[in-house]
$ cat coords.tsv   # TSV, C-alpha atoms and all ligand atoms
chain	number	residue	atom	x	y	z
A	1	MET	CA	133.83	52.66	98.15
A	2	ALA	CA	130.72	54.39	99.41
A	3	THR	CA	130.08	57.98	98.28
A	4	PRO	CA	130.36	60.31	101.31
A	5	VAL	CA	126.96	61.61	102.41
A	6	PRO	CA	126.92	65.42	102.20
A	7	GLU	CA	126.65	66.95	105.63
A	8	ILE	CA	123.48	68.90	106.41
A	9	GLN	CA	123.85	71.99	108.59
A	10	ASN	CA	121.19	73.44	110.83
A	11	ALA	CA	120.35	77.09	110.37
A	12	LYS	CA	120.99	79.53	113.19
A	13	PHE	CA	118.42	81.24	115.41
A	14	PRO	CA	115.51	81.76	114.87
A	15	PHE	CA	115.46	78.86	112.39
A	16	HIS	CA	117.60	76.47	114.44
A	17	ASP	CA	116.79	72.83	115.09
A	18	ASP	CA	114.48	72.88	118.10
A	19	PRO	CA	113.52	69.38	119.37
A	20	SER	CA	110.48	70.81	121.20
A	21	ASN	CA	108.90	71.37	117.79
A	22	ASN	CA	109.51	67.83	116.56
A	23	GLY	CA	106.34	66.48	115.05
A	24	ASP	CA	104.49	69.77	115.57
A	25	GLN	CA	102.04	70.26	112.67
A	26	ASP	CA	102.77	74.00	112.55
A	27	PHE	CA	106.43	73.51	111.70
A	28	ALA	CA	108.29	72.34	108.61
A	29	VAL	CA	111.87	72.18	107.36
A	30	LEU	CA	113.12	74.14	104.34
A	31	ARG	CA	116.40	72.81	102.96
A	32	SER	CA	118.56	75.21	100.96
A	33	SER	CA	120.60	74.12	97.93
A	34	ASP	CA	123.78	74.34	100.01
A	35	LEU	CA	122.21	71.90	102.49
A	36	CYS	CA	121.19	74.09	105.36
A	37	ASP	CA	117.95	73.16	107.17
A	38	PHE	CA	115.67	75.99	108.31
A	39	LEU	CA	113.04	75.08	110.86
A	40	VAL	CA	110.10	77.33	109.98
A	41	TYR	CA	106.79	78.19	111.56
A	42	LYS	CA	104.42	77.60	108.65
A	43	PRO	CA	101.85	80.37	109.29
A	44	PHE	CA	104.59	83.03	108.86
A	45	LEU	CA	105.13	81.86	105.28
A	46	CYS	CA	101.47	81.68	104.35
A	47	PHE	CA	100.32	85.25	104.99
A	48	ALA	CA	100.27	86.08	101.27
A	49	LYS	CA	97.11	84.87	99.55
A	50	ASP	CA	98.98	83.11	96.76
A	51	SER	CA	101.97	81.99	98.80
A	52	PHE	CA	103.61	78.97	97.20
A	53	PHE	CA	104.07	77.54	100.69
A	54	ARG	CA	100.32	77.39	101.33
A	55	GLY	CA	100.03	74.78	98.61
A	56	LEU	CA	103.27	73.09	99.59
A	57	PHE	CA	102.36	72.69	103.24
A	58	SER	CA	98.75	71.72	102.70
A	59	GLY	CA	99.49	69.39	99.80
A	60	ALA	CA	100.25	65.72	99.62
A	61	GLN	CA	102.68	63.85	101.81
A	62	ALA	CA	106.25	65.10	101.76
A	63	LEU	CA	108.94	62.88	100.19
A	64	GLU	CA	111.21	63.34	103.12
A	65	TYR	CA	110.83	63.85	106.87
A	66	LYS	CA	113.20	65.06	109.56
A	67	ASN	CA	112.27	64.51	113.23
A	68	GLY	CA	108.67	64.05	112.13
A	69	LEU	CA	108.61	67.32	110.16
A	70	PRO	CA	108.16	67.48	106.37
A	71	VAL	CA	111.24	68.64	104.46
A	72	ALA	CA	110.97	70.85	101.34
A	73	ARG	CA	114.04	71.27	99.17
A	74	LEU	CA	114.51	74.76	97.69
A	75	GLU	CA	116.77	75.81	94.83
A	76	GLU	CA	118.17	78.85	96.62
A	77	LYS	CA	121.22	79.08	98.83
A	78	SER	CA	121.00	79.57	102.57
A	79	ASP	CA	121.95	83.29	102.63
A	80	VAL	CA	119.00	84.10	100.35
A	81	ILE	CA	116.59	81.81	102.23
A	82	ARG	CA	117.61	83.29	105.55
A	83	ASP	CA	116.94	86.92	104.58
A	84	LEU	CA	113.72	85.93	102.84
A	85	LEU	CA	112.50	84.18	105.99
A	86	LEU	CA	113.53	87.14	108.15
A	87	LEU	CA	111.36	89.35	105.92
A	88	CYS	CA	108.43	86.98	106.45
A	89	TYR	CA	108.92	86.63	110.21
A	90	PRO	CA	107.80	89.38	112.59
A	91	GLY	CA	110.53	91.16	114.56
A	92	LYS	CA	113.69	92.78	113.35
A	93	ALA	CA	113.91	93.04	109.56
A	94	PRO	CA	117.14	91.80	107.94
A	95	THR	CA	119.91	94.29	107.27
A	96	PHE	CA	120.81	92.33	104.13
A	97	GLU	CA	124.32	91.88	105.42
A	98	ALA	CA	123.80	88.09	105.30
A	99	THR	CA	125.28	86.02	108.10
A	100	GLU	CA	127.55	87.42	110.77
A	101	LEU	CA	130.54	85.68	109.22
A	102	GLU	CA	129.88	86.03	105.53
A	103	ARG	CA	129.02	89.34	103.92
A	104	PRO	CA	127.78	88.90	100.38
A	105	ALA	CA	130.30	90.07	97.78
A	106	ASP	CA	127.65	92.32	96.29
A	107	PRO	CA	124.98	93.11	98.91
A	108	VAL	CA	122.75	94.91	96.36
A	109	LYS	CA	122.71	91.86	94.12
A	110	HIS	CA	121.94	89.81	97.22
A	111	ILE	CA	118.91	92.03	97.96
A	112	VAL	CA	117.70	91.61	94.38
A	113	ASN	CA	118.09	87.83	94.72
A	114	VAL	CA	116.07	87.82	97.94
A	115	LEU	CA	113.28	89.91	96.37
A	116	ARG	CA	113.19	87.82	93.22
A	117	THR	CA	112.90	84.72	95.36
A	118	ALA	CA	110.01	86.35	97.24
A	119	GLU	CA	108.32	86.90	93.87
A	120	LYS	CA	109.07	83.38	92.74
A	121	TYR	CA	107.33	81.91	95.80
A	122	CYS	CA	104.46	84.43	95.44
A	123	LEU	CA	105.17	85.98	98.82
A	124	MET	CA	104.88	89.58	97.60
A	125	SER	CA	102.06	91.32	99.44
A	126	GLU	CA	101.38	94.64	101.13
A	127	GLU	CA	102.81	93.27	104.38
A	128	LEU	CA	105.98	92.01	102.72
A	129	SER	CA	106.46	95.31	100.83
A	130	GLY	CA	106.24	97.09	104.16
A	131	ARG	CA	108.93	94.78	105.55
A	132	VAL	CA	111.15	95.30	102.48
A	133	ASP	CA	110.70	99.05	102.87
A	134	GLU	CA	111.70	98.86	106.54
A	135	ALA	CA	114.70	96.65	105.77
A	136	LEU	CA	116.01	98.83	102.92
A	137	MET	CA	115.59	102.05	104.90
A	138	ALA	CA	117.68	100.54	107.71
A	139	SER	CA	120.25	98.91	105.48
A	140	PRO	CA	123.63	100.61	104.93
A	141	VAL	CA	123.38	99.96	101.18
A	142	ILE	CA	120.92	102.84	100.77
A	143	GLU	CA	123.82	105.13	101.77
A	144	TRP	CA	126.56	103.79	99.53
A	145	ALA	CA	124.61	102.45	96.54
A	146	PRO	CA	121.79	105.02	96.22
A	147	TYR	CA	121.23	104.67	92.46
A	148	ARG	CA	120.93	100.90	92.64
A	149	VAL	CA	118.63	101.08	95.65
A	150	TYR	CA	116.57	103.76	93.88
A	151	ALA	CA	116.11	101.28	91.01
A	152	ILE	CA	115.01	98.59	93.49
A	153	GLY	CA	112.62	101.08	95.10
A	154	VAL	CA	111.07	101.87	91.71
A	155	ARG	CA	110.87	98.19	90.77
A	156	TYR	CA	109.00	97.32	93.98
A	157	ARG	CA	107.12	100.63	94.24
A	158	LEU	CA	108.59	101.73	97.53
A	159	LYS	CA	108.17	105.51	97.60
A	160	SER	CA	110.02	106.29	100.81
A	161	VAL	CA	112.97	104.14	99.71
A	162	CYS	CA	113.06	106.04	96.38
A	163	LEU	CA	113.06	109.40	98.13
A	164	ARG	CA	115.75	108.46	100.64
A	165	ALA	CA	117.90	106.96	97.87
A	166	ALA	CA	117.34	110.11	95.75
A	167	LYS	CA	118.56	112.28	98.64
A	168	ASN	CA	121.60	110.08	99.12
A	169	SER	CA	122.28	110.15	95.38
A	170	LEU	CA	122.98	113.89	95.53
A	171	ALA	CA	126.54	113.25	96.64
A	172	GLU	CA	127.19	110.41	94.18
A	173	ALA	CA	127.97	110.49	90.48
A	174	LEU	CA	125.49	108.57	88.35
A	175	HIS	CA	127.92	106.08	86.89
A	176	SER	CA	129.70	105.22	90.11
A	177	ASP	CA	127.40	102.31	90.85
A	178	TRP	CA	125.63	101.63	87.60
A	179	ALA	CA	124.62	97.99	87.49
A	180	ASP	CA	122.04	95.49	86.31
A	181	GLU	CA	119.25	96.88	88.49
A	182	MET	CA	119.18	100.02	86.32
A	183	ASN	CA	117.90	97.89	83.43
A	184	GLU	CA	114.73	97.35	85.42
A	185	ILE	CA	113.65	101.00	85.42
A	186	THR	CA	112.39	103.23	82.63
A	187	ALA	CA	113.83	106.47	81.26
A	188	MET	CA	110.93	108.26	83.01
A	189	ASP	CA	112.05	106.93	86.38
A	190	LEU	CA	115.61	108.08	85.76
A	191	LEU	CA	114.34	111.46	84.55
A	192	ALA	CA	112.34	111.85	87.78
A	193	LEU	CA	115.55	111.29	89.74
A	194	GLN	CA	117.56	113.71	87.61
A	195	SER	CA	114.99	116.50	87.81
A	196	TYR	CA	114.86	116.04	91.57
A	197	GLN	CA	118.66	116.34	91.73
A	198	ASN	CA	118.60	119.47	89.53
A	199	GLU	CA	115.89	121.09	91.65
A	200	VAL	CA	117.85	120.48	94.83
A	201	LYS	CA	120.99	121.85	93.19
A	202	MET	CA	119.16	125.00	92.08
A	203	THR	CA	117.71	125.50	95.55
A	204	VAL	CA	121.11	125.17	97.16
A	205	ARG	CA	122.56	127.60	94.63
A	206	ARG	CA	119.78	130.15	95.23
A	207	PHE	CA	120.36	129.86	98.94
A	208	TYR	CA	124.07	130.47	98.63
A	209	GLU	CA	123.57	133.36	96.23
A	210	THR	CA	121.51	134.97	98.98
A	211	VAL	CA	124.34	134.26	101.38
A	212	GLN	CA	126.90	135.80	99.03
A	213	ASN	CA	124.75	138.91	98.53
A	214	GLY	CA	124.84	139.34	102.27
A	215	ASP	CA	121.27	140.49	102.51
A	216	SER	CA	120.14	137.62	104.68
A	217	TYR	CA	122.98	135.54	106.00
A	218	TRP	CA	121.00	132.56	107.07
A	219	ILE	CA	122.76	131.45	110.18
A	220	ASP	CA	121.37	129.74	113.21
A	221	ALA	CA	122.72	131.97	115.96
A	222	ARG	CA	122.18	129.43	118.72
A	223	ASP	CA	125.33	127.73	120.01
A	224	LEU	CA	127.60	129.37	117.47
A	225	PRO	CA	131.23	128.40	117.96
A	226	PHE	CA	132.37	132.00	118.37
A	227	THR	CA	131.34	135.09	120.31
A	228	LEU	CA	128.32	136.56	118.64
A	229	THR	CA	128.55	140.30	118.98
A	230	THR	CA	127.20	143.54	117.64
A	231	ASN	CA	129.88	145.48	119.48
A	232	LEU	CA	133.55	144.82	118.71
A	233	HIS	CA	134.72	146.62	121.85
A	234	SER	CA	133.22	143.88	123.93
A	235	LEU	CA	135.67	141.44	122.28
A	236	GLU	CA	138.64	143.50	123.43
A	237	ALA	CA	137.35	143.48	126.98
A	238	LYS	CA	137.14	139.67	126.81
A	239	GLY	CA	140.86	139.46	125.98
A	240	HIS	CA	140.67	138.66	122.25
A	241	SER	CA	143.81	139.61	120.31
A	242	LYS	CA	143.98	142.48	117.83
A	243	GLU	CA	144.23	140.05	114.89
A	244	CYS	CA	141.22	138.15	116.14
A	245	ILE	CA	139.14	141.35	116.42
A	246	GLN	CA	140.35	142.53	113.02
A	247	SER	CA	139.11	139.31	111.49
A	248	PHE	CA	135.68	140.14	112.89
A	249	LEU	CA	135.89	143.58	111.32
A	250	ARG	CA	136.04	142.20	107.83
A	251	CYS	CA	132.55	140.74	107.87
A	252	ASP	CA	129.58	142.76	108.83
A	253	VAL	CA	126.50	140.92	107.71
A	254	LYS	CA	122.95	140.28	108.71
A	255	ILE	CA	122.30	137.10	110.56
A	256	PHE	CA	119.04	135.30	110.70
A	257	ALA	CA	119.08	134.59	114.38
A	258	HIS	CA	116.94	132.51	116.68
A	259	GLU	CA	116.69	133.86	120.17
A	260	ASP	CA	115.44	131.45	122.78
A	261	ASP	CA	113.94	134.13	125.03
A	262	SER	CA	112.16	136.11	122.29
A	263	GLY	CA	110.50	132.92	121.10
A	264	GLY	CA	111.10	133.54	117.38
A	265	PRO	CA	113.60	134.39	114.68
A	266	TYR	CA	114.70	137.92	113.88
A	267	ILE	CA	117.23	139.61	111.64
A	268	ALA	CA	120.06	141.64	113.10
A	269	HIS	CA	123.51	142.92	112.24
A	270	TYR	CA	126.30	140.91	113.76
A	271	HIS	CA	130.00	140.66	113.22
A	272	ILE	CA	131.33	137.29	112.22
A	273	PRO	CA	134.97	136.21	111.94
A	274	THR	CA	136.58	135.67	108.53
A	275	TRP	CA	137.35	132.02	109.27
A	276	PHE	CA	133.66	131.34	109.73
A	277	ASP	CA	132.84	133.09	106.46
A	278	ASP	CA	135.52	130.90	104.82
A	279	TYR	CA	133.95	127.80	106.31
A	280	ILE	CA	130.47	128.73	104.97
A	281	ASN	CA	131.93	129.42	101.54
A	282	GLY	CA	133.83	126.13	101.66
A	283	VAL	CA	130.55	124.35	102.41
A	284	ALA	CA	128.84	126.24	99.58
A	285	THR	CA	131.54	125.16	97.13
A	286	LEU	CA	131.32	121.50	98.14
A	287	CYS	CA	127.52	121.60	98.02
A	288	GLU	CA	127.49	123.15	94.59
A	289	THR	CA	130.22	121.16	92.92
A	290	ARG	CA	129.66	117.75	94.48
A	291	MET	CA	126.14	118.31	95.86
A	292	ASP	CA	127.54	116.96	99.06
A	293	TRP	CA	125.09	117.53	101.91
A	294	LYS	CA	127.63	116.21	104.35
A	295	ALA	CA	129.86	119.20	103.49
A	296	PHE	CA	128.46	120.98	106.56
A	297	THR	CA	130.09	118.47	108.85
A	298	ASN	CA	133.22	117.97	106.71
A	299	SER	CA	135.92	117.50	109.36
A	300	LYS	CA	138.66	119.08	107.21
A	301	LEU	CA	136.65	122.27	106.70
A	302	ILE	CA	135.84	122.40	110.40
A	303	SER	CA	139.40	121.85	111.61
A	304	THR	CA	140.82	124.37	109.12
A	305	ALA	CA	138.26	126.93	110.25
A	306	VAL	CA	138.84	126.36	113.97
A	307	ASN	CA	142.64	126.33	113.61
A	308	CYS	CA	142.53	129.61	111.68
A	309	GLY	CA	140.12	131.11	114.15
A	310	THR	CA	142.11	130.26	117.24
A	311	LYS	CA	145.79	130.49	116.25
A	312	ASN	CA	146.30	134.21	116.76
A	313	CYS	CA	144.20	134.75	119.83
A	314	PRO	CA	144.91	133.58	123.40
A	315	THR	CA	141.24	133.77	124.38
A	316	CYS	CA	140.07	131.73	121.38
A	317	LEU	CA	143.07	129.35	121.62
A	318	SER	CA	142.44	128.50	125.28
A	319	ASP	CA	139.09	127.19	124.14
A	320	GLY	CA	140.44	125.53	120.97
A	321	SER	CA	139.45	121.89	121.44
A	322	SER	CA	135.99	122.62	122.76
A	323	ALA	CA	135.59	125.15	119.90
A	324	ALA	CA	136.14	122.31	117.41
A	325	LEU	CA	133.52	120.18	119.17
A	326	LYS	CA	131.10	123.11	119.36
A	327	MET	CA	131.70	123.87	115.71
A	328	ALA	CA	130.99	120.25	114.72
A	329	ALA	CA	127.80	120.20	116.82
A	330	TRP	CA	126.70	123.54	115.40
A	331	ALA	CA	127.47	122.38	111.84
A	332	ALA	CA	125.34	119.26	112.31
A	333	CYS	CA	122.36	121.38	113.48
A	334	PHE	CA	122.88	123.92	110.69
A	335	HIS	CA	123.01	121.08	108.17
A	336	ASP	CA	119.56	119.92	109.36
A	337	ILE	CA	118.16	123.46	109.08
A	338	ILE	CA	119.46	123.94	105.55
A	339	GLN	CA	118.31	120.50	104.50
A	340	SER	CA	114.76	121.05	105.75
A	341	TYR	CA	114.79	124.56	104.23
A	342	SER	CA	115.83	123.11	100.88
A	343	GLU	CA	113.34	120.28	101.10
A	344	SER	CA	110.53	122.71	101.82
A	345	LYS	CA	111.43	124.47	98.56
A	346	VAL	CA	112.00	121.38	96.45
A	347	PRO	CA	109.10	119.74	94.67
A	348	GLN	CA	108.50	116.11	95.49
A	349	LEU	CA	110.30	113.42	93.61
A	350	LYS	CA	107.85	112.84	90.75
A	351	LEU	CA	107.62	109.10	90.57
A	352	THR	CA	105.58	107.40	87.91
A	353	PHE	CA	103.81	105.07	90.35
B	401	ZN	ZN	139.64	135.59	119.73
$ encode --input "coords.tsv" --output "structure tokens"
Amino acid sequence: MATPVPEIQNAKFPFHDDPSNNGDQDFAVLRSSDLCDFLVYKPFLCFAKDSFFRGLFSGAQALEYKNGLPVARLEEKSDVIRDLLLLCYPGKAPTFEATELERPADPVKHIVNVLRTAEKYCLMSEELSGRVDEALMASPVIEWAPYRVYAIGVRYRLKSVCLRAAKNSLAEALHSDWADEMNEITAMDLLALQSYQNEVKMTVRRFYETVQNGDSYWIDARDLPFTLTTNLHSLEAKGHSKECIQSFLRCDVKIFAHEDDSGGPYIAHYHIPTWFDDYINGVATLCETRMDWKAFTNSKLISTAVNCGTKNCPTCLSDGSSAALKMAAWAACFHDIIQSYSESKVPQLKLTF
């Protein structure tokens, strides 16, 4: 009985089988170990000076041909070959999510495999590093596996990837995603990350101590989700309930306010409601304990604050749902302000390369 011939698949766009390229000297076929044929445009794989493919394509006759094109068998599987080729090709960089149907079980390991394969075939170059940088910055893994991506960034000397991963690491515990990649970096690299984290933490703490002291409540007064007033009587005239106005009474602090018409920031005394003070303190606690930058837009904190702020007042309640939206929008802007404030105070991540 004859042994069944294994079936060879054709890769998907942009490496699909295109008969118009049959016999074209500029094209070749790369066959993965799981028998998937990638039709490749040779110049895109030969940009690196030492590219393995330069020798392969310019060398002796191939052992095998398909539609008049030489076939090279590679040891890697198709998911790795595909992302490697996408890095080499111009256009959209891969997101490292592999094919549409199959997500790799461990996308970070997949990235490492792709990069090691790039090294193996001597494709690493300034251009390819730029592409890897672009791909990692756009990939979701930099959000949920920041320590591992930091290690990859150090390994391949990608400064912006390291910094973004370091920022994302603020909300993650060190051991939550410890893995093999960490073996590739030195104690100095890890120390650089930890001192960055400590500096950010200290800056956030200093900022909130200032807030607690009440001497410069650093609030962006634009689009605040409540009536900003220096005069409580005006609240009564607008139909706010007694309880609502009383809650304003409890906080009398300075606000660092931006005024659109004056063209610059100034400091003034305003009344703010207790629920808003609670929200800011809730954010401070989350930032300090978990170093969670996303605390500003934490939906639980926002909904608790808005519910508290509106429940005892017909004027505030009538505007309840839009108040929640306004609060979320305001919180997102405030988050950006605090983050850029903190970053302006924090020394750069001191990388060893
Ligand atoms: Zn009210």
$ residues_near_ligand --input "coords.tsv" --ligand "ligand ZN 401 (chain B)" --cutoff "6 Å" --atoms "all atoms listed in the file" --output "list in words"
His240, Ser241, Cys244, Cys313, Thr315 and Cys316 of chain A
$ residues_around --input "coords.tsv" --residues "A:Asn168" --least-positions-apart "3" --cutoff "9 Å" --atoms "only C-alpha atoms" --output "ChimeraX atom specification"
/A:142-147,163-165,171-172,293
$ atom_distance --input "coords.tsv" --atom1 "atom CA of A:Leu158" --atom2 "atom CA of A:Ala48"
18.1 Å
$ closest_atom_pairs --input "coords.tsv" --of "stretch 86-200 of chain A" --to "stretch 34-44 of chain A" --cutoff "12 Å" --atoms "all atoms listed in the file" --output "Markdown table"
| residue | atom | partner | partner_atom | distance |
| --- | --- | --- | --- | --- |
| A:Leu86 | CA | A:Phe44 | CA | 9.9 |
| A:Leu87 | CA | A:Phe44 | CA | 9.7 |
| A:Cys88 | CA | A:Phe44 | CA | 6.0 |
| A:Tyr89 | CA | A:Phe44 | CA | 5.8 |
| A:Pro90 | CA | A:Phe44 | CA | 8.0 |
| A:Gly91 | CA | A:Phe44 | CA | 11.6 |
| A:Leu123 | CA | A:Phe44 | CA | 10.5 |
| A:Glu127 | CA | A:Phe44 | CA | 11.3 |
| A:Leu128 | CA | A:Phe44 | CA | 11.0 |
$ closest_residue --input "coords.tsv" --among "A:Leu224, A:Val132, A:Val112, A:Ala324" --to "A:Asp180" --atoms "all atoms listed in the file"
A:Val112
$ closest_residue --input "coords.tsv" --among "A:Asp24, A:Asp18, A:Asp50, A:Glu184" --to "A:Ser125" --atoms "all atoms listed in the file"
A:Asp50
$ atom_distance --input "coords.tsv" --atom1 "atom CA of A:Glu76" --atom2 "atom CA of A:Ser33"
5.5 Å
$ closest_residue --input "coords.tsv" --among "A:Asn183, A:Ser318, A:Thr203, A:Asn281" --to "A:Leu301" --atoms "all atoms listed in the file"
A:Asn281
$ atom_distance --input "coords.tsv" --atom1 "atom CA of A:Phe52" --atom2 "atom CA of A:Asp133"
22.0 Å
$ residues_around --input "coords.tsv" --residues "A:Leu69" --least-positions-apart "6" --cutoff "7 Å" --atoms "all atoms listed in the file" --output "ChimeraX atom specification"
/A:22-23,27-29
$ residues_near_point --input "coords.tsv" --point "(125.7, 95.3, 100.6)" --cutoff "7 Å" --atoms "all atoms listed in the file" --output "PyMOL selection string"
chain A and resi 96-97+104+106-108+141
$ closest_residue --input "coords.tsv" --among "A:Asp319, A:Asp278, A:Glu126, A:Glu236" --to "A:Thr304" --atoms "all atoms listed in the file"
A:Asp278
$ closest_residue --input "coords.tsv" --among "A:Phe15, A:Tyr65, A:Phe248, A:Tyr270" --to "A:Thr230" --atoms "all atoms listed in the file"
A:Tyr270
$ residues_near_point --input "coords.tsv" --point "(116.4, 116.6, 88.5)" --cutoff "12 Å" --atoms "only C-alpha atoms" --output "PyMOL selection string"
chain A and resi 166-167+169-170+188-203+346-351
$ closest_residue --input "coords.tsv" --among "A:Ala329, A:Ile152, A:Pro140, A:Asn231" --to "A:Asn113" --atoms "only C-alpha atoms"
A:Ile152
$ axis_aligned_box --input "coords.tsv" --around "stretch 48-51 of chain A" --padding-each-side "8 Å" --output "JSON"
{"center_x": 99.5, "center_y": 84.0, "center_z": 99.0, "size_x": 20.9, "size_y": 20.1, "size_z": 20.5}
$ residues_around --input "coords.tsv" --residues "A:Val161" --least-positions-apart "6" --cutoff "9 Å" --atoms "only C-alpha atoms" --output "number ranges by chain"
A: 133-134, 136-137, 142, 149-150, 152-154
